[in-house]
file protein_3.cif (mmCIF, C-alpha atoms)
data_structure
loop_
_atom_site.label_atom_id
_atom_site.label_comp_id
_atom_site.auth_asym_id
_atom_site.auth_seq_id
_atom_site.Cartn_x
_atom_site.Cartn_y
_atom_site.Cartn_z
CA MET A 868 24.19 -3.90 2.06
CA ARG A 869 21.65 -1.83 0.08
CA VAL A 870 19.36 0.46 2.05
CA LEU A 871 16.35 2.33 0.71
CA LEU A 872 16.01 5.79 2.27
CA VAL A 873 12.57 7.36 1.75
CA GLU A 874 12.92 10.97 2.94
CA ASP A 875 11.74 14.23 1.39
CA GLU A 876 13.63 16.68 3.61
CA PRO A 877 16.88 17.46 1.71
CA LYS A 878 19.15 18.13 4.71
CA THR A 879 18.02 15.02 6.58
CA ALA A 880 18.32 12.89 3.45
CA ALA A 881 21.85 14.14 2.74
CA PHE A 882 22.91 13.72 6.39
CA VAL A 883 21.63 10.14 6.64
CA ARG A 884 22.83 9.11 3.19
CA ARG A 885 26.35 10.42 3.77
CA GLY A 886 26.60 8.73 7.16
CA LEU A 887 25.39 5.38 5.87
CA GLU A 888 27.71 5.44 2.88
CA GLU A 889 30.66 6.26 5.16
CA ASN A 890 29.75 3.11 7.11
CA GLY A 891 29.75 0.83 4.07
CA PHE A 892 26.10 0.90 3.00
CA THR A 893 24.83 1.51 -0.52
CA VAL A 894 21.92 3.97 -0.33
CA LEU A 895 19.14 4.56 -2.82
CA LEU A 896 17.10 7.69 -2.09
CA ALA A 897 13.41 8.24 -2.83
CA ARG A 898 11.90 11.65 -2.11
CA GLN A 899 8.22 10.78 -2.62
CA GLY A 900 6.11 8.05 -1.10
CA ASP A 901 4.93 6.52 -4.36
CA GLU A 902 8.51 6.35 -5.63
CA GLY A 903 9.64 4.71 -2.40
CA LEU A 904 6.90 2.06 -2.55
CA SER A 905 7.68 1.30 -6.18
CA LEU A 906 11.39 0.83 -5.43
CA ALA A 907 10.66 -1.31 -2.37
CA ARG A 908 8.48 -3.58 -4.50
CA THR A 909 10.80 -3.90 -7.50
CA GLU A 910 14.34 -3.86 -6.10
CA ALA A 911 16.18 -5.77 -3.39
CA PHE A 912 17.15 -3.98 -0.16
CA GLY A 913 18.44 -5.13 3.18
CA ALA A 914 16.37 -2.52 5.04
CA ILE A 915 14.25 0.59 4.57
CA ILE A 916 14.56 3.86 6.48
CA LEU A 917 11.12 5.37 6.08
CA ASP A 918 9.90 8.88 6.84
CA ILE A 919 6.21 9.08 7.77
CA SER A 920 5.33 12.55 6.40
CA LEU A 921 5.92 12.21 2.66
CA PRO A 922 4.48 13.73 -0.52
CA VAL A 923 1.91 11.71 -2.51
CA LEU A 924 1.89 8.66 -0.19
CA ASP A 925 2.68 8.74 3.52
CA GLY A 926 4.95 6.31 5.31
CA PHE A 927 2.15 4.49 7.11
CA SER A 928 0.50 3.70 3.76
CA ILE A 929 3.80 2.43 2.38
CA LEU A 930 4.39 0.26 5.44
CA ALA A 931 0.85 -1.16 5.33
CA ALA A 932 1.15 -1.95 1.61
CA LEU A 933 4.47 -3.75 2.09
CA ARG A 934 3.25 -5.89 4.98
CA GLU A 935 -0.03 -6.71 3.25
CA SER A 936 1.94 -7.95 0.25
CA GLY A 937 3.95 -10.27 2.50
CA SER A 938 7.18 -8.28 2.54
CA GLU A 939 9.18 -8.77 5.74
CA ILE A 940 11.99 -6.34 4.93
CA PRO A 941 13.16 -4.57 8.11
CA VAL A 942 11.78 -1.02 8.35
CA LEU A 943 13.04 1.79 10.59
CA CYS A 944 10.54 4.66 10.77
CA LEU A 945 12.27 8.06 10.89
CA THR A 946 9.86 10.86 11.71
CA ALA A 947 9.07 14.07 13.55
CA ARG A 948 5.84 12.55 14.86
CA ASP A 949 6.67 11.73 18.47
CA THR A 950 3.36 10.85 20.14
CA VAL A 951 2.85 7.43 21.70
CA ALA A 952 -0.19 6.88 19.45
CA GLU A 953 1.94 7.42 16.34
CA LYS A 954 4.60 5.01 17.57
CA VAL A 955 2.03 2.34 18.42
CA LYS A 956 0.43 2.72 14.99
CA GLY A 957 3.76 2.28 13.24
CA LEU A 958 4.66 -0.78 15.29
CA GLU A 959 1.23 -2.32 14.74
CA LEU A 960 1.61 -1.85 10.98
CA GLY A 961 4.87 -3.78 11.12
CA ALA A 962 7.69 -1.30 11.72
CA ASP A 963 10.77 -2.80 13.35
CA ASP A 964 11.77 0.37 15.15
CA TYR A 965 10.83 4.04 15.45
CA LEU A 966 13.30 6.94 15.70
CA VAL A 967 12.10 10.48 16.38
CA LYS A 968 13.71 13.57 14.84
CA PRO A 969 16.01 15.22 15.75
CA PHE A 970 18.32 12.25 16.29
CA SER A 971 22.01 11.42 16.40
CA PHE A 972 23.39 9.44 13.49
CA SER A 973 25.14 7.05 15.90
CA GLU A 974 21.76 6.05 17.33
CA LEU A 975 20.24 5.61 13.87
CA LEU A 976 23.18 3.42 12.85
CA ALA A 977 22.91 1.33 16.01
CA ARG A 978 19.18 0.80 15.52
CA LEU A 979 19.60 -0.04 11.86
CA ARG A 980 22.23 -2.65 12.67
CA THR A 981 19.98 -4.09 15.38
CA ILE A 982 17.02 -4.62 13.06
CA LEU A 983 19.33 -6.11 10.45
CA ARG A 984 20.61 -8.61 13.03
CA ARG A 985 17.06 -9.61 13.86
CA GLY A 986 16.57 -10.58 10.23
CA THR A 987 13.23 -11.13 8.59
CA GLN A 988 11.45 -12.56 11.58
CA SER A 989 7.70 -13.04 11.87
CA ARG A 990 5.58 -9.91 12.20
CA ASP A 991 3.56 -11.47 14.99
CA PRO A 992 2.24 -8.61 17.18
CA VAL A 993 2.82 -10.84 20.21
CA ILE A 994 6.31 -10.75 21.72
CA ARG A 995 7.32 -13.75 23.84
CA VAL A 996 10.29 -13.77 26.18
CA ALA A 997 10.59 -16.79 28.47
CA ASP A 998 7.23 -16.97 30.29
CA LEU A 999 6.31 -13.37 29.40
CA GLU A 1000 3.85 -12.61 26.60
CA ILE A 1001 3.22 -9.06 25.34
CA ASP A 1002 0.37 -8.40 22.91
CA LEU A 1003 1.15 -5.08 21.21
CA ARG A 1004 -2.19 -4.98 19.42
CA ARG A 1005 -4.35 -5.55 22.50
CA LEU A 1006 -1.97 -3.67 24.82
CA ARG A 1007 -1.92 -6.62 27.19
CA ALA A 1008 0.89 -8.42 29.00
CA MET A 1009 0.86 -11.79 30.76
CA ARG A 1010 3.49 -13.66 32.71
CA ASN A 1011 3.27 -17.35 33.48
CA GLY A 1012 -0.37 -17.18 32.41
CA GLN A 1013 -1.15 -14.32 34.79
CA ARG A 1014 -2.42 -10.96 33.48
CA LEU A 1015 -0.16 -8.08 34.52
CA ASP A 1016 -2.00 -4.99 35.73
CA LEU A 1017 0.09 -2.29 34.07
CA THR A 1018 -0.48 1.42 33.51
CA ALA A 1019 -0.10 2.78 29.97
CA LYS A 1020 3.42 4.04 30.70
CA GLU A 1021 4.42 0.75 32.33
CA PHE A 1022 3.18 -1.16 29.28
CA ASN A 1023 5.10 1.14 26.92
CA LEU A 1024 8.21 0.71 29.05
CA LEU A 1025 7.86 -3.08 29.03
CA ALA A 1026 7.24 -3.11 25.27
CA LEU A 1027 10.37 -1.01 24.71
CA PHE A 1028 12.47 -3.43 26.76
CA ALA A 1029 11.05 -6.49 25.01
CA GLN A 1030 11.49 -5.04 21.51
CA ARG A 1031 15.12 -4.21 22.27
CA GLN A 1032 15.96 -7.19 24.48
CA GLY A 1033 19.65 -7.75 24.98
CA GLU A 1034 20.47 -4.07 24.37
CA VAL A 1035 21.66 -1.92 27.26
CA LEU A 1036 19.37 1.13 27.30
CA SER A 1037 20.44 4.32 29.05
CA ARG A 1038 17.89 6.21 31.13
CA THR A 1039 18.12 9.03 28.55
CA VAL A 1040 17.06 6.69 25.74
CA ILE A 1041 14.27 5.26 27.91
CA ALA A 1042 13.04 8.76 28.78
CA GLU A 1043 13.01 9.80 25.14
CA GLU A 1044 11.24 6.64 23.97
CA VAL A 1045 8.59 6.33 26.70
CA TRP A 1046 8.01 9.94 27.75
CA ASP A 1047 9.17 11.71 24.55
CA VAL A 1048 11.26 14.19 26.56
CA ASN A 1049 14.72 14.62 28.00
CA PHE A 1050 14.69 14.58 31.80
CA ASP A 1051 17.11 16.55 33.93
CA SER A 1052 19.89 14.47 35.45
CA ASP A 1053 18.46 14.86 38.94
CA THR A 1054 15.02 13.59 37.92
CA ASN A 1055 14.36 9.97 38.96
CA VAL A 1056 11.18 9.34 36.95
CA VAL A 1057 12.80 6.53 34.96
CA GLU A 1058 14.09 4.77 38.07
CA VAL A 1059 10.70 5.05 39.77
CA ALA A 1060 8.89 3.66 36.72
CA ILE A 1061 11.30 0.74 36.40
CA ARG A 1062 10.99 -0.02 40.11
CA ARG A 1063 7.19 -0.15 39.78
CA LEU A 1064 7.38 -2.31 36.67
CA ARG A 1065 9.76 -4.72 38.39
CA LYS A 1066 7.40 -5.00 41.35
CA LYS A 1067 4.62 -6.18 39.04
CA MET A 1068 6.53 -8.04 36.34
CA ASP A 1069 9.69 -9.43 38.00
CA ASP A 1070 9.37 -9.61 41.79
CA PRO A 1071 6.63 -12.31 41.91
CA PHE A 1072 8.63 -14.64 39.63
CA VAL A 1073 11.87 -16.57 39.98
CA LEU A 1074 13.29 -15.54 36.60
CA LYS A 1075 14.20 -11.85 36.53
CA LEU A 1076 14.11 -10.10 33.16
CA ILE A 1077 15.09 -6.49 33.90
CA HIS A 1078 18.70 -6.07 34.97
CA THR A 1079 20.63 -2.97 36.04
CA VAL A 1080 23.94 -2.27 34.33
CA ARG A 1081 25.64 0.00 36.81
CA GLY A 1082 26.68 3.36 35.46
CA VAL A 1083 25.09 2.65 32.08
CA GLY A 1084 21.40 1.79 32.25
CA TYR A 1085 19.19 -1.28 32.04
CA VAL A 1086 18.98 -4.42 29.94
CA PHE A 1087 16.07 -6.80 29.34
CA ASP A 1088 17.51 -10.31 29.17
CA SER A 1089 16.17 -13.74 30.13
CA ASN A 1090 19.66 -15.28 30.10
CA ARG A 1091 21.25 -13.20 32.84
CA ALA A 1092 21.50 -14.52 36.37
#

call {"tool": "encode", "arguments": {"input": "protein_3.cif", "output": "structure tokens"}}
result
Amino acid sequence: MRVLLVEDEPKTAAFVRRGLEENGFTVLLARQGDEGLSLARTEAFGAIILDISLPVLDGFSILAALRESGSEIPVLCLTARDTVAEKVKGLELGADDYLVKPFSFSELLARLRTILRRGTQSRDPVIRVADLEIDLRRLRAMRNGQRLDLTAKEFNLLALFAQRQGEVLSRTVIAEEVWDVNFDSDTNVVEVAIRRLRKKMDDPFVLKLIHTVRGVGYVFDSNRA
């Protein structure tokens, strides 16, 4: 599997490249945005790991150009920009996932393998799971035709679950993705937020989508009893 890594920070580029090659990937590195876009357009890759802050051409511009040209290659955005607005922008432009620096290589590898499993699916901004419909562009969620009255954090939490359905997510990962921080072990913010989301999104309906995996975390799955 060939992967295009577009990253201008030497230590990060070397760290990611070495790890991927040790796990059987062939990695081609581009250190500038224009070089990365040119390679993505002219050579075949299974996926792109794309930094957002790049010389000459930023990652958002590269992502927009690829999607506008019809490319559906999986893209994992790798960046120090950790605001919700930045994440939403990347996802709206067609990113498959978004990983914030600093990160562990094991998580990057897991996310890369996940987007590769998904394949080149449609870039429809609407995610549908059973009778649930999530519109990432309009920031709106409906279940069984009923509009869900969600706060911004609840919507982000639901979007995270839906985008990574079938994966067991630890409360640490959830905290990092939705709140952009690491919570102390005795802080129950994640549990409270999930309880409130369940009350609105799961409790009124027969089919439950959010499931607790004891001692591990939570999984979003329409096939579990």

call {"tool": "closest_residue", "arguments": {"input": "protein_3.cif", "among": "A:Leu1024, A:Ile915, A:Leu1074, A:Ala977", "to": "Thr893 of chain A", "atoms": "only C-alpha atoms"}}
result
A:Ile915

call {"tool": "atom_distance", "arguments": {"input": "protein_3.cif", "atom1": "atom CA of Arg869 of chain A", "atom2": "atom CA of Leu887 of chain A"}}
result
10.0 Å

call {"tool": "resolve_selection", "arguments": {"input": "protein_3.cif", "expression": "the PyMOL selection byres ((chain A and resi 1080) around 12)", "output": "PyMOL selection string"}}
result
chain A and resi 1033-1038+1077-1079+1081-1088+1091

call {"tool": "write_last_selection", "arguments": {"input": "protein_3.cif", "atoms": "C-alpha atoms", "output": "tab-separated table (two decimals), in the frame of the given file"}}
result
chain	number	residue	atom	x	y	z
A	1033	GLY	CA	19.65	-7.75	24.98
A	1034	GLU	CA	20.47	-4.07	24.37
A	1035	VAL	CA	21.66	-1.92	27.26
A	1036	LEU	CA	19.37	1.13	27.30
A	1037	SER	CA	20.44	4.32	29.05
A	1038	ARG	CA	17.89	6.21	31.13
A	1077	ILE	CA	15.09	-6.49	33.90
A	1078	HIS	CA	18.70	-6.07	34.97
A	1079	THR	CA	20.63	-2.97	36.04
A	1081	ARG	CA	25.64	0.00	36.81
A	1082	GLY	CA	26.68	3.36	35.46
A	1083	VAL	CA	25.09	2.65	32.08
A	1084	GLY	CA	21.40	1.79	32.25
A	1085	TYR	CA	19.19	-1.28	32.04
A	1086	VAL	CA	18.98	-4.42	29.94
A	1087	PHE	CA	16.07	-6.80	29.34
A	1088	ASP	CA	17.51	-10.31	29.17
A	1091	ARG	CA	21.25	-13.20	32.84

call {"tool": "atom_distance", "arguments": {"input": "protein_3.cif", "atom1": "atom CA of Gly961 of chain A", "atom2": "atom CA of Ile919 of chain A"}}
result
13.4 Å

call {"tool": "resolve_selection", "arguments": {"input": "protein_3.cif", "expression": "the PyMOL selection byres ((chain A and resi 958-960) around 8)", "output": "PyMOL selection string"}}
result
chain A and resi 927+930-931+934+954-957+961-965+992+1003-1004

call {"tool": "write_last_selection", "arguments": {"input": "protein_3.cif", "atoms": "C-alpha atoms", "output": "mmCIF file, in the coordinates of the input"}}
result
data_model
loop_
_atom_site.group_PDB
_atom_site.id
_atom_site.type_symbol
_atom_site.label_atom_id
_atom_site.label_comp_id
_atom_site.auth_asym_id
_atom_site.auth_seq_id
_atom_site.Cartn_x
_atom_site.Cartn_y
_atom_site.Cartn_z
ATOM 1 C CA PHE A 927 2.150 4.490 7.110
ATOM 2 C CA LEU A 930 4.390 0.260 5.440
ATOM 3 C CA ALA A 931 0.850 -1.160 5.330
ATOM 4 C CA ARG A 934 3.250 -5.890 4.980
ATOM 5 C CA LYS A 954 4.600 5.010 17.570
ATOM 6 C CA VAL A 955 2.030 2.340 18.420
ATOM 7 C CA LYS A 956 0.430 2.720 14.990
ATOM 8 C CA GLY A 957 3.760 2.280 13.240
ATOM 9 C CA GLY A 961 4.870 -3.780 11.120
ATOM 10 C CA ALA A 962 7.690 -1.300 11.720
ATOM 11 C CA ASP A 963 10.770 -2.800 13.350
ATOM 12 C CA ASP A 964 11.770 0.370 15.150
ATOM 13 C CA TYR A 965 10.830 4.040 15.450
ATOM 14 C CA PRO A 992 2.240 -8.610 17.180
ATOM 15 C CA LEU A 1003 1.150 -5.080 21.210
ATOM 16 C CA ARG A 1004 -2.190 -4.980 19.420
#

call {"tool": "atom_distance", "arguments": {"input": "protein_3.cif", "atom1": "atom CA of Ser928 of chain A", "atom2": "atom CA of Ala914 of chain A"}}
result
17.1 Å

call {"tool": "residues_around", "arguments": {"input": "protein_3.cif", "residues": "Phe892 of chain A", "least_positions_apart": "6", "cutoff": "10 Å", "atoms": "all atoms listed in the file", "output": "ChimeraX atom specification"}}
result
/A:868-870,884-886,913

call {"tool": "closest_residue", "arguments": {"input": "protein_3.cif", "among": "A:Val1040, A:Ala997, A:Leu921, A:Leu1027", "to": "Ser971 of chain A", "atoms": "only C-alpha atoms"}}
result
A:Val1040

call {"tool": "closest_residue", "arguments": {"input": "protein_3.cif", "among": "A:Pro877, A:Phe1022, A:Phe1028, A:Gly937", "to": "Arg1005 of chain A", "atoms": "only C-alpha atoms"}}
result
A:Phe1022

call {"tool": "residues_around", "arguments": {"input": "protein_3.cif", "residues": "Arg1063 of chain A", "least_positions_apart": "3", "cutoff": "12 Å", "atoms": "all atoms listed in the file", "output": "number ranges by chain"}}
result
A: 1016-1018, 1020-1022, 1024-1025, 1056-1060, 1066-1070, 1077

call {"tool": "closest_residue", "arguments": {"input": "protein_3.cif", "among": "A:Val951, A:Glu888, A:Asp925, A:Lys878", "to": "Asp901 of chain A", "atoms": "only C-alpha atoms"}}
result
A:Asp925

call {"tool": "closest_residue", "arguments": {"input": "protein_3.cif", "among": "A:Ala881, A:Ile1001, A:Val923, A:Val993", "to": "Asn1023 of chain A", "atoms": "all atoms listed in the file"}}
result
A:Ile1001

call {"tool": "residues_around", "arguments": {"input": "protein_3.cif", "residues": "segment 897-900 of chain A", "least_positions_apart": "2", "cutoff": "9 Å", "atoms": "only C-alpha atoms", "output": "list of chain:residue names"}}
result
A:Leu871, A:Leu872, A:Val873, A:Glu874, A:Asp875, A:Glu876, A:Pro877, A:Ala880, A:Leu895, A:Glu902, A:Gly903, A:Leu904, A:Ser905, A:Leu906, A:Asp918, A:Ile919, A:Ser920, A:Leu921, A:Pro922, A:Val923, A:Leu924, A:Asp925, A:Gly926, A:Ser928, A:Ile929

call {"tool": "closest_residue", "arguments": {"input": "protein_3.cif", "among": "A:Arg1031, A:Phe912, A:Ser1089, A:Leu1064", "to": "Thr981 of chain A", "atoms": "all atoms listed in the file"}}
result
A:Arg1031

call {"tool": "residues_around", "arguments": {"input": "protein_3.cif", "residues": "Lys968 of chain A", "least_positions_apart": "5", "cutoff": "9 Å", "atoms": "all atoms listed in the file", "output": "MDAnalysis selection string"}}
result
chainID A and resid 945:949

call {"tool": "axis_aligned_box", "arguments": {"input": "protein_3.cif", "around": "segment 999-1009 of chain A", "padding_each_side": "8 Å", "output": "JSON"}}
result
{"center_x": 1.0, "center_y": -8.5, "center_z": 25.1, "size_x": 26.7, "size_y": 25.7, "size_z": 27.3}

call {"tool": "resolve_selection", "arguments": {"input": "protein_3.cif", "expression": "the PyMOL selection byres ((chain A and resi 998) around 6)", "output": "ChimeraX atom specification"}}
result
/A:997,999,1010-1011
